[in-house]
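Structure file final.tsv (TSV, N, CA, C and O atoms) follows.
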```tsv
chain	number	residue	atom	x	y	z
A	14	MET	N	1.43	-63.99	32.28
A	14	MET	CA	2.08	-62.83	32.86
A	14	MET	C	3.46	-62.65	32.23
A	14	MET	O	4.17	-63.60	31.98
A	15	LEU	N	3.81	-61.43	32.01
A	15	LEU	CA	5.10	-61.13	31.40
A	15	LEU	C	6.22	-61.21	32.43
A	15	LEU	O	6.10	-60.71	33.54
A	16	LYS	N	7.32	-61.82	32.05
A	16	LYS	CA	8.46	-61.91	32.95
A	16	LYS	C	9.30	-60.64	32.90
A	16	LYS	O	9.96	-60.30	33.86
A	17	ARG	N	9.32	-59.97	31.76
A	17	ARG	CA	10.13	-58.76	31.60
A	17	ARG	C	9.28	-57.65	30.99
A	17	ARG	O	9.45	-57.28	29.83
A	18	PRO	N	8.36	-57.08	31.76
A	18	PRO	CA	7.43	-56.10	31.19
A	18	PRO	C	8.09	-54.80	30.73
A	18	PRO	O	7.53	-54.10	29.88
A	19	THR	N	9.26	-54.49	31.25
A	19	THR	CA	9.90	-53.24	30.81
A	19	THR	C	10.34	-53.32	29.34
A	19	THR	O	10.53	-52.29	28.71
A	20	LEU	N	10.47	-54.54	28.82
A	20	LEU	CA	10.85	-54.67	27.42
A	20	LEU	C	9.71	-54.28	26.48
A	20	LEU	O	9.92	-54.17	25.26
A	21	LEU	N	8.53	-54.05	27.03
A	21	LEU	CA	7.43	-53.55	26.20
A	21	LEU	C	7.73	-52.15	25.65
A	21	LEU	O	7.13	-51.73	24.66
A	22	TRP	N	8.67	-51.45	26.28
A	22	TRP	CA	9.08	-50.15	25.74
A	22	TRP	C	9.62	-50.29	24.32
A	22	TRP	O	9.59	-49.34	23.54
A	23	LEU	N	10.13	-51.46	23.98
A	23	LEU	CA	10.68	-51.66	22.64
A	23	LEU	C	9.60	-51.72	21.57
A	23	LEU	O	9.90	-51.65	20.38
A	24	LEU	N	8.34	-51.83	21.97
A	24	LEU	CA	7.24	-51.79	21.01
A	24	LEU	C	6.88	-50.36	20.61
A	24	LEU	O	6.22	-50.16	19.58
A	25	VAL	N	7.29	-49.39	21.39
A	25	VAL	CA	6.94	-48.00	21.11
A	25	VAL	C	7.41	-47.56	19.72
A	25	VAL	O	6.61	-47.01	18.95
A	26	PRO	N	8.67	-47.77	19.34
A	26	PRO	CA	9.06	-47.35	17.99
A	26	PRO	C	8.26	-48.05	16.89
A	26	PRO	O	7.89	-47.43	15.89
A	27	HIS	N	7.99	-49.33	17.09
A	27	HIS	CA	7.21	-50.07	16.09
A	27	HIS	C	5.83	-49.44	15.92
A	27	HIS	O	5.37	-49.23	14.79
A	28	VAL	N	5.20	-49.13	17.02
A	28	VAL	CA	3.86	-48.53	16.95
A	28	VAL	C	3.94	-47.13	16.35
A	28	VAL	O	3.10	-46.76	15.52
A	29	LEU	N	4.95	-46.36	16.74
A	29	LEU	CA	5.07	-45.00	16.20
A	29	LEU	C	5.32	-44.99	14.70
A	29	LEU	O	4.79	-44.15	13.98
A	30	TYR	N	6.15	-45.91	14.23
A	30	TYR	CA	6.48	-45.92	12.79
A	30	TYR	C	5.41	-46.61	11.96
A	30	TYR	O	5.01	-46.10	10.93
A	31	LEU	N	4.97	-47.78	12.38
A	31	LEU	CA	4.09	-48.57	11.52
A	31	LEU	C	2.63	-48.56	11.94
A	31	LEU	O	1.74	-48.54	11.10
A	32	GLY	N	2.38	-48.63	13.23
A	32	GLY	CA	1.01	-48.77	13.72
A	32	GLY	C	0.11	-47.60	13.39
A	32	GLY	O	-1.05	-47.78	13.04
A	33	VAL	N	0.64	-46.39	13.52
A	33	VAL	CA	-0.19	-45.21	13.30
A	33	VAL	C	0.08	-44.53	11.97
A	33	VAL	O	-0.48	-43.49	11.68
A	34	LEU	N	0.94	-45.12	11.16
A	34	LEU	CA	1.29	-44.50	9.88
A	34	LEU	C	0.06	-44.20	9.00
A	34	LEU	O	-0.04	-43.11	8.44
A	35	PRO	N	-0.90	-45.11	8.88
A	35	PRO	CA	-2.08	-44.76	8.06
A	35	PRO	C	-2.87	-43.59	8.63
A	35	PRO	O	-3.54	-42.87	7.89
A	36	LEU	N	-2.78	-43.36	9.93
A	36	LEU	CA	-3.54	-42.26	10.53
A	36	LEU	C	-2.86	-40.91	10.37
A	36	LEU	O	-3.53	-39.88	10.38
A	37	VAL	N	-1.55	-40.90	10.26
A	37	VAL	CA	-0.84	-39.62	10.20
A	37	VAL	C	-0.38	-39.28	8.79
A	37	VAL	O	0.26	-38.24	8.60
A	38	ASN	N	-0.67	-40.10	7.81
A	38	ASN	CA	-0.24	-39.84	6.44
A	38	ASN	C	-1.09	-38.73	5.82
A	38	ASN	O	-1.99	-38.97	5.02
A	39	ARG	N	-0.80	-37.51	6.24
A	39	ARG	CA	-1.53	-36.33	5.78
A	39	ARG	C	-0.53	-35.28	5.33
A	39	ARG	O	0.56	-35.18	5.86
A	40	VAL	N	-0.93	-34.47	4.39
A	40	VAL	CA	-0.06	-33.41	3.91
A	40	VAL	C	-0.57	-32.05	4.38
A	40	VAL	O	0.21	-31.15	4.69
A	41	THR	N	-1.87	-31.88	4.48
A	41	THR	CA	-2.44	-30.56	4.75
A	41	THR	C	-2.07	-29.97	6.11
A	41	THR	O	-1.67	-28.82	6.15
A	42	PRO	N	-2.16	-30.67	7.23
A	42	PRO	CA	-1.70	-29.99	8.46
A	42	PRO	C	-0.18	-29.92	8.48
A	42	PRO	O	0.50	-30.89	8.13
A	43	THR	N	0.35	-28.77	8.84
A	43	THR	CA	1.79	-28.63	8.94
A	43	THR	C	2.16	-28.29	10.37
A	43	THR	O	1.42	-27.58	11.06
A	44	VAL	N	3.29	-28.79	10.82
A	44	VAL	CA	3.81	-28.50	12.15
A	44	VAL	C	5.21	-27.97	11.96
A	44	VAL	O	6.07	-28.65	11.37
A	45	PHE	N	5.47	-26.76	12.44
A	45	PHE	CA	6.77	-26.11	12.26
A	45	PHE	C	7.16	-26.04	10.78
A	45	PHE	O	8.34	-26.16	10.44
A	46	GLY	N	6.19	-25.87	9.92
A	46	GLY	CA	6.45	-25.76	8.49
A	46	GLY	C	6.69	-27.08	7.78
A	46	GLY	O	6.98	-27.09	6.59
A	47	LEU	N	6.58	-28.19	8.49
A	47	LEU	CA	6.78	-29.51	7.90
A	47	LEU	C	5.44	-30.19	7.70
A	47	LEU	O	4.53	-30.02	8.51
A	48	PRO	N	5.30	-30.99	6.65
A	48	PRO	CA	4.09	-31.80	6.54
A	48	PRO	C	3.98	-32.71	7.77
A	48	PRO	O	5.00	-33.11	8.36
A	49	PHE	N	2.78	-33.02	8.16
A	49	PHE	CA	2.57	-33.75	9.40
A	49	PHE	C	3.29	-35.09	9.40
A	49	PHE	O	3.84	-35.50	10.42
A	50	LEU	N	3.32	-35.80	8.27
A	50	LEU	CA	4.00	-37.09	8.22
A	50	LEU	C	5.49	-36.95	8.49
A	50	LEU	O	6.08	-37.75	9.22
A	51	VAL	N	6.12	-35.94	7.94
A	51	VAL	CA	7.55	-35.72	8.17
A	51	VAL	C	7.79	-35.39	9.64
A	51	VAL	O	8.72	-35.89	10.26
A	52	PHE	N	6.93	-34.54	10.21
A	52	PHE	CA	7.04	-34.21	11.63
A	52	PHE	C	6.88	-35.46	12.48
A	52	PHE	O	7.62	-35.67	13.44
A	53	TRP	N	5.92	-36.32	12.13
A	53	TRP	CA	5.68	-37.54	12.88
A	53	TRP	C	6.90	-38.47	12.84
A	53	TRP	O	7.29	-39.04	13.86
A	54	MET	N	7.49	-38.63	11.68
A	54	MET	CA	8.67	-39.49	11.56
A	54	MET	C	9.86	-38.91	12.35
A	54	MET	O	10.63	-39.66	12.96
A	55	LEU	N	10.00	-37.60	12.33
A	55	LEU	CA	11.06	-36.97	13.12
A	55	LEU	C	10.82	-37.19	14.61
A	55	LEU	O	11.75	-37.53	15.35
A	56	LEU	N	9.59	-37.03	15.04
A	56	LEU	CA	9.25	-37.27	16.44
A	56	LEU	C	9.49	-38.72	16.83
A	56	LEU	O	10.07	-39.01	17.89
A	57	ALA	N	9.11	-39.65	15.98
A	57	ALA	CA	9.33	-41.08	16.26
A	57	ALA	C	10.82	-41.39	16.32
A	57	ALA	O	11.26	-42.17	17.17
A	58	THR	N	11.60	-40.77	15.46
A	58	THR	CA	13.04	-40.99	15.46
A	58	THR	C	13.67	-40.47	16.74
A	58	THR	O	14.59	-41.08	17.30
A	59	LEU	N	13.18	-39.37	17.25
A	59	LEU	CA	13.72	-38.82	18.49
A	59	LEU	C	13.26	-39.60	19.72
A	59	LEU	O	13.97	-39.63	20.73
A	60	LEU	N	12.09	-40.22	19.66
A	60	LEU	CA	11.58	-40.98	20.81
A	60	LEU	C	12.12	-42.41	20.87
A	60	LEU	O	12.06	-43.05	21.92
A	61	THR	N	12.65	-42.92	19.77
A	61	THR	CA	13.16	-44.28	19.75
A	61	THR	C	14.31	-44.50	20.74
A	61	THR	O	14.26	-45.45	21.53
A	62	PRO	N	15.33	-43.66	20.79
A	62	PRO	CA	16.39	-43.88	21.80
A	62	PRO	C	15.87	-43.80	23.23
A	62	PRO	O	16.35	-44.52	24.10
A	63	LEU	N	14.89	-42.95	23.46
A	63	LEU	CA	14.31	-42.85	24.80
A	63	LEU	C	13.63	-44.16	25.20
A	63	LEU	O	13.82	-44.65	26.32
A	64	SER	N	12.89	-44.75	24.30
A	64	SER	CA	12.20	-46.01	24.63
A	64	SER	C	13.20	-47.15	24.80
A	64	SER	O	13.03	-48.00	25.68
A	65	VAL	N	14.27	-47.17	24.01
A	65	VAL	CA	15.29	-48.20	24.17
A	65	VAL	C	16.00	-48.02	25.52
A	65	VAL	O	16.27	-49.00	26.23
A	66	TRP	N	16.28	-46.78	25.90
A	66	TRP	CA	16.92	-46.52	27.19
A	66	TRP	C	16.02	-46.95	28.35
A	66	TRP	O	16.50	-47.53	29.32
A	67	LEU	N	14.73	-46.67	28.25
A	67	LEU	CA	13.80	-47.08	29.31
A	67	LEU	C	13.74	-48.60	29.43
A	67	LEU	O	13.70	-49.13	30.54
A	68	ALA	N	13.75	-49.29	28.32
A	68	ALA	CA	13.76	-50.76	28.36
A	68	ALA	C	15.05	-51.27	28.98
A	68	ALA	O	15.05	-52.18	29.81
A	69	TRP	N	16.18	-50.69	28.59
A	69	TRP	CA	17.48	-51.10	29.12
A	69	TRP	C	17.55	-50.86	30.63
A	69	TRP	O	18.00	-51.71	31.39
A	70	ARG	N	17.09	-49.68	31.06
A	70	ARG	CA	17.13	-49.32	32.48
A	70	ARG	C	16.26	-50.26	33.31
A	70	ARG	O	16.66	-50.75	34.36
A	71	GLY	N	15.07	-50.54	32.83
A	71	GLY	CA	14.18	-51.44	33.55
A	71	GLY	C	14.72	-52.85	33.61
A	71	GLY	O	14.63	-53.53	34.65
A	72	ASP	N	15.32	-53.32	32.52
A	72	ASP	CA	15.89	-54.67	32.51
A	72	ASP	C	17.11	-54.75	33.41
A	72	ASP	O	17.35	-55.75	34.08
A	73	ARG	N	17.88	-53.69	33.45
A	73	ARG	CA	19.06	-53.64	34.32
A	73	ARG	C	18.65	-53.67	35.80
A	73	ARG	O	19.27	-54.36	36.60
A	74	LYS	N	17.61	-52.90	36.15
A	74	LYS	CA	17.12	-52.92	37.53
A	74	LYS	C	16.61	-54.30	37.91
A	74	LYS	O	16.84	-54.78	39.01
A	75	ARG	N	15.92	-54.94	36.98
A	75	ARG	CA	15.40	-56.29	37.24
A	75	ARG	C	16.54	-57.26	37.48
A	75	ARG	O	16.50	-58.09	38.39
A	76	ALA	N	17.59	-57.17	36.69
A	76	ALA	CA	18.73	-58.06	36.85
A	76	ALA	C	19.45	-57.79	38.17
A	76	ALA	O	19.90	-58.73	38.84
A	77	ALA	N	19.54	-56.52	38.57
A	77	ALA	CA	20.19	-56.19	39.84
A	77	ALA	C	19.39	-56.73	41.02
A	77	ALA	O	19.96	-57.28	41.98
A	78	LEU	N	18.08	-56.61	40.96
A	78	LEU	CA	17.23	-57.14	42.03
A	78	LEU	C	17.33	-58.66	42.10
A	78	LEU	O	17.37	-59.25	43.17
A	79	ARG	N	17.39	-59.27	40.94
A	79	ARG	CA	17.51	-60.72	40.88
A	79	ARG	C	18.85	-61.19	41.45
A	79	ARG	O	18.92	-62.16	42.19
A	80	ALA	N	19.92	-60.47	41.11
A	80	ALA	CA	21.25	-60.82	41.63
A	80	ALA	C	21.32	-60.59	43.13
A	80	ALA	O	21.93	-61.38	43.85
A	81	ALA	N	20.68	-59.54	43.63
A	81	ALA	CA	20.68	-59.27	45.06
A	81	ALA	C	19.89	-60.35	45.80
A	81	ALA	O	20.27	-60.77	46.90
A	82	GLY	N	18.83	-60.82	45.20
A	82	GLY	CA	18.05	-61.90	45.80
A	82	GLY	C	18.83	-63.20	45.83
A	82	GLY	O	18.74	-63.97	46.78
A	83	ARG	N	19.61	-63.45	44.80
A	83	ARG	CA	20.43	-64.65	44.74
A	83	ARG	C	21.56	-64.59	45.76
A	83	ARG	O	21.95	-65.58	46.34
A	84	ALA	N	22.10	-63.40	45.98
A	84	ALA	CA	23.22	-63.24	46.92
A	84	ALA	C	22.77	-63.49	48.35
A	84	ALA	O	23.54	-63.98	49.17
A	85	GLY	N	21.51	-63.18	48.64
A	85	GLY	CA	21.01	-63.38	50.00
A	85	GLY	C	20.42	-64.75	50.24
A	85	GLY	O	20.01	-65.07	51.34
A	86	ALA	N	20.38	-65.59	49.21
A	86	ALA	CA	19.78	-66.92	49.35
A	86	ALA	C	20.73	-67.84	50.12
A	86	ALA	O	21.94	-67.73	50.00
A	87	PRO	N	20.19	-68.77	50.90
A	87	PRO	CA	21.04	-69.73	51.61
A	87	PRO	C	21.79	-70.63	50.63
A	87	PRO	O	21.42	-70.74	49.46
A	88	ALA	N	22.85	-71.27	51.09
A	88	ALA	CA	23.65	-72.15	50.23
A	88	ALA	C	22.79	-73.24	49.67
A	88	ALA	O	21.95	-73.81	50.35
A	89	GLY	N	23.02	-73.56	48.42
A	89	GLY	CA	22.26	-74.62	47.77
A	89	GLY	C	21.06	-74.10	47.01
A	89	GLY	O	20.45	-74.83	46.25
A	90	GLU	N	20.69	-72.84	47.21
A	90	GLU	CA	19.57	-72.25	46.49
A	90	GLU	C	20.09	-71.18	45.57
A	90	GLU	O	21.23	-70.73	45.68
A	91	GLY	N	19.27	-70.71	44.69
A	91	GLY	CA	19.67	-69.65	43.78
A	91	GLY	C	20.30	-70.20	42.54
A	91	GLY	O	19.75	-71.05	41.86
A	92	SER	N	21.51	-69.76	42.23
A	92	SER	CA	22.16	-70.21	41.01
A	92	SER	C	22.78	-71.58	41.20
A	92	SER	O	23.17	-71.96	42.30
A	93	ALA	N	22.87	-72.30	40.10
A	93	ALA	CA	23.44	-73.66	40.16
A	93	ALA	C	24.89	-73.59	39.67
A	93	ALA	O	25.25	-74.13	38.67
A	94	ALA	N	25.72	-72.91	40.44
A	94	ALA	CA	27.12	-72.72	40.01
A	94	ALA	C	27.98	-73.88	40.31
A	94	ALA	O	27.99	-74.78	40.87
```
Would you encode the structure as structure tokens?
Amino acid sequence: MLKRPTLLWLLVPHVLYLGVLPLVNRVTPTVFGLPFLVFWMLLATLLTPLSVWLAWRGDRKRAALRAAGRAGAPAGEGSAA
């Protein structure tokens, strides 16, 4: 089981750039006047910050929940400060 599943959002840019590249390497279909590969790379570039933000937000929420759980723990439990 994954301890930090929200970090899987960081795989999205990798898949968009490398995983599907052989499938989208086409010249004949055009989108907005651009070859499909150029459009795909532009789309992947625009989606990368979104996926990084989603990973950051999920990890931040996880850390906040963990800190709140530690704050409510009885003395002697939680962090070893």
Between atom O of Val25 of chain A and atom N of Trp69 of chain A - distance in Å to one decimal: 14.1 Å
Where does DSSP see strand (DSSP E or B) in segment 20-94 of chain A, if you list the residues as a PyMOL selection string? chain A and resi 43-44+47-48
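As for atom CA of Val28 of chain A and atom CA of Leu56 of chain A, they are spaced 12.5 Å apart.
Distance check against Leu34 of chain A using only C-alpha atoms: of A:Ala68, A:Ala81, A:Leu21, A:Met54, the minimum falls on A:Met54.
In this model, the gap between atom CA of Val37 of chain A and atom CA of Ala57 of chain A comes to 11.9 Å.
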Nearby residues (only N, CA, C and O atoms) at most 8 Å from segment 58-64 of chain A, same-chain spacing under 4 positions excluded, as an MDAnalysis selection string: chainID A and resid 19:27 29:30 51:54 68:71
Taking 2 positions as the minimum chain separation for residues in the same chain, which residues sit within 4.5 Å of Arg39 of chain A when counting only N, CA, C and O atoms? Answer as a PyMOL selection string. chain A and resi 37+41+49-50
Could all heavy atoms be built for segment 17-28 of chain A and written out as an mmCIF file, keeping the file's coordinate frame?
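Okay, part.cif is ready:
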```
data_model
loop_
_atom_site.group_PDB
_atom_site.id
_atom_site.type_symbol
_atom_site.label_atom_id
_atom_site.label_comp_id
_atom_site.auth_asym_id
_atom_site.auth_seq_id
_atom_site.Cartn_x
_atom_site.Cartn_y
_atom_site.Cartn_z
ATOM 1 N N ARG A 17 9.320 -59.970 31.760
ATOM 2 C CA ARG A 17 10.130 -58.760 31.600
ATOM 3 C C ARG A 17 9.280 -57.650 30.990
ATOM 4 O O ARG A 17 9.450 -57.280 29.830
ATOM 5 C CB ARG A 17 11.335 -59.070 30.736
ATOM 6 C CG ARG A 17 12.246 -60.094 31.388
ATOM 7 C CD ARG A 17 13.198 -60.720 30.450
ATOM 8 N NE ARG A 17 14.255 -59.790 30.064
ATOM 9 C CZ ARG A 17 15.232 -60.141 29.250
ATOM 10 N NH1 ARG A 17 15.299 -61.337 28.751
ATOM 11 N NH2 ARG A 17 16.156 -59.270 28.942
ATOM 12 N N PRO A 18 8.360 -57.080 31.760
ATOM 13 C CA PRO A 18 7.430 -56.100 31.190
ATOM 14 C C PRO A 18 8.090 -54.800 30.730
ATOM 15 O O PRO A 18 7.530 -54.100 29.880
ATOM 16 C CB PRO A 18 6.442 -55.830 32.330
ATOM 17 C CG PRO A 18 7.175 -56.201 33.568
ATOM 18 C CD PRO A 18 8.105 -57.311 33.181
ATOM 19 N N THR A 19 9.260 -54.490 31.250
ATOM 20 C CA THR A 19 9.900 -53.240 30.810
ATOM 21 C C THR A 19 10.340 -53.320 29.340
ATOM 22 O O THR A 19 10.530 -52.290 28.710
ATOM 23 C CB THR A 19 11.109 -52.893 31.683
ATOM 24 O OG1 THR A 19 12.019 -53.980 31.677
ATOM 25 C CG2 THR A 19 10.684 -52.594 33.100
ATOM 26 N N LEU A 20 10.470 -54.540 28.820
ATOM 27 C CA LEU A 20 10.850 -54.670 27.420
ATOM 28 C C LEU A 20 9.710 -54.280 26.480
ATOM 29 O O LEU A 20 9.920 -54.170 25.260
ATOM 30 C CB LEU A 20 11.335 -56.091 27.127
ATOM 31 C CG LEU A 20 12.630 -56.484 27.845
ATOM 32 C CD1 LEU A 20 13.068 -57.875 27.407
ATOM 33 C CD2 LEU A 20 13.730 -55.485 27.587
ATOM 34 N N LEU A 21 8.530 -54.050 27.030
ATOM 35 C CA LEU A 21 7.430 -53.550 26.200
ATOM 36 C C LEU A 21 7.730 -52.150 25.650
ATOM 37 O O LEU A 21 7.130 -51.730 24.660
ATOM 38 C CB LEU A 21 6.129 -53.532 26.996
ATOM 39 C CG LEU A 21 5.528 -54.897 27.298
ATOM 40 C CD1 LEU A 21 4.319 -54.761 28.197
ATOM 41 C CD2 LEU A 21 5.162 -55.609 26.013
ATOM 42 N N TRP A 22 8.670 -51.450 26.280
ATOM 43 C CA TRP A 22 9.080 -50.150 25.740
ATOM 44 C C TRP A 22 9.620 -50.290 24.320
ATOM 45 O O TRP A 22 9.590 -49.340 23.540
ATOM 46 C CB TRP A 22 10.149 -49.518 26.629
ATOM 47 C CG TRP A 22 9.601 -48.893 27.862
ATOM 48 C CD1 TRP A 22 9.742 -49.343 29.138
ATOM 49 C CD2 TRP A 22 8.810 -47.701 27.946
ATOM 50 N NE1 TRP A 22 9.091 -48.495 29.996
ATOM 51 C CE2 TRP A 22 8.513 -47.486 29.298
ATOM 52 C CE3 TRP A 22 8.335 -46.800 26.998
ATOM 53 C CZ2 TRP A 22 7.757 -46.401 29.735
ATOM 54 C CZ3 TRP A 22 7.579 -45.719 27.423
ATOM 55 C CH2 TRP A 22 7.296 -45.525 28.778
ATOM 56 N N LEU A 23 10.130 -51.460 23.980
ATOM 57 C CA LEU A 23 10.680 -51.660 22.640
ATOM 58 C C LEU A 23 9.600 -51.720 21.570
ATOM 59 O O LEU A 23 9.900 -51.650 20.380
ATOM 60 C CB LEU A 23 11.533 -52.931 22.607
ATOM 61 C CG LEU A 23 12.757 -52.901 23.521
ATOM 62 C CD1 LEU A 23 13.472 -54.236 23.485
ATOM 63 C CD2 LEU A 23 13.684 -51.775 23.135
ATOM 64 N N LEU A 24 8.340 -51.830 21.970
ATOM 65 C CA LEU A 24 7.240 -51.790 21.010
ATOM 66 C C LEU A 24 6.880 -50.360 20.610
ATOM 67 O O LEU A 24 6.220 -50.160 19.580
ATOM 68 C CB LEU A 24 6.006 -52.478 21.596
ATOM 69 C CG LEU A 24 6.088 -53.982 21.728
ATOM 70 C CD1 LEU A 24 4.832 -54.516 22.414
ATOM 71 C CD2 LEU A 24 6.256 -54.622 20.372
ATOM 72 N N VAL A 25 7.290 -49.390 21.390
ATOM 73 C CA VAL A 25 6.940 -48.000 21.110
ATOM 74 C C VAL A 25 7.410 -47.560 19.720
ATOM 75 O O VAL A 25 6.610 -47.010 18.950
ATOM 76 C CB VAL A 25 7.464 -47.062 22.218
ATOM 77 C CG1 VAL A 25 7.319 -45.608 21.838
ATOM 78 C CG2 VAL A 25 6.731 -47.352 23.520
ATOM 79 N N PRO A 26 8.670 -47.770 19.340
ATOM 80 C CA PRO A 26 9.060 -47.350 17.990
ATOM 81 C C PRO A 26 8.260 -48.050 16.890
ATOM 82 O O PRO A 26 7.890 -47.430 15.890
ATOM 83 C CB PRO A 26 10.544 -47.730 17.897
ATOM 84 C CG PRO A 26 11.006 -47.833 19.291
ATOM 85 C CD PRO A 26 9.825 -48.274 20.094
ATOM 86 N N HIS A 27 7.990 -49.330 17.090
ATOM 87 C CA HIS A 27 7.210 -50.070 16.090
ATOM 88 C C HIS A 27 5.830 -49.440 15.920
ATOM 89 O O HIS A 27 5.370 -49.230 14.790
ATOM 90 C CB HIS A 27 7.085 -51.529 16.517
ATOM 91 C CG HIS A 27 6.237 -52.337 15.609
ATOM 92 N ND1 HIS A 27 6.650 -52.730 14.367
ATOM 93 C CD2 HIS A 27 4.966 -52.813 15.751
ATOM 94 C CE1 HIS A 27 5.676 -53.414 13.778
ATOM 95 N NE2 HIS A 27 4.657 -53.475 14.600
ATOM 96 N N VAL A 28 5.200 -49.130 17.020
ATOM 97 C CA VAL A 28 3.860 -48.530 16.950
ATOM 98 C C VAL A 28 3.940 -47.130 16.350
ATOM 99 O O VAL A 28 3.100 -46.760 15.520
ATOM 100 C CB VAL A 28 3.221 -48.498 18.358
ATOM 101 C CG1 VAL A 28 1.949 -47.676 18.376
ATOM 102 C CG2 VAL A 28 2.950 -49.906 18.843
#
```
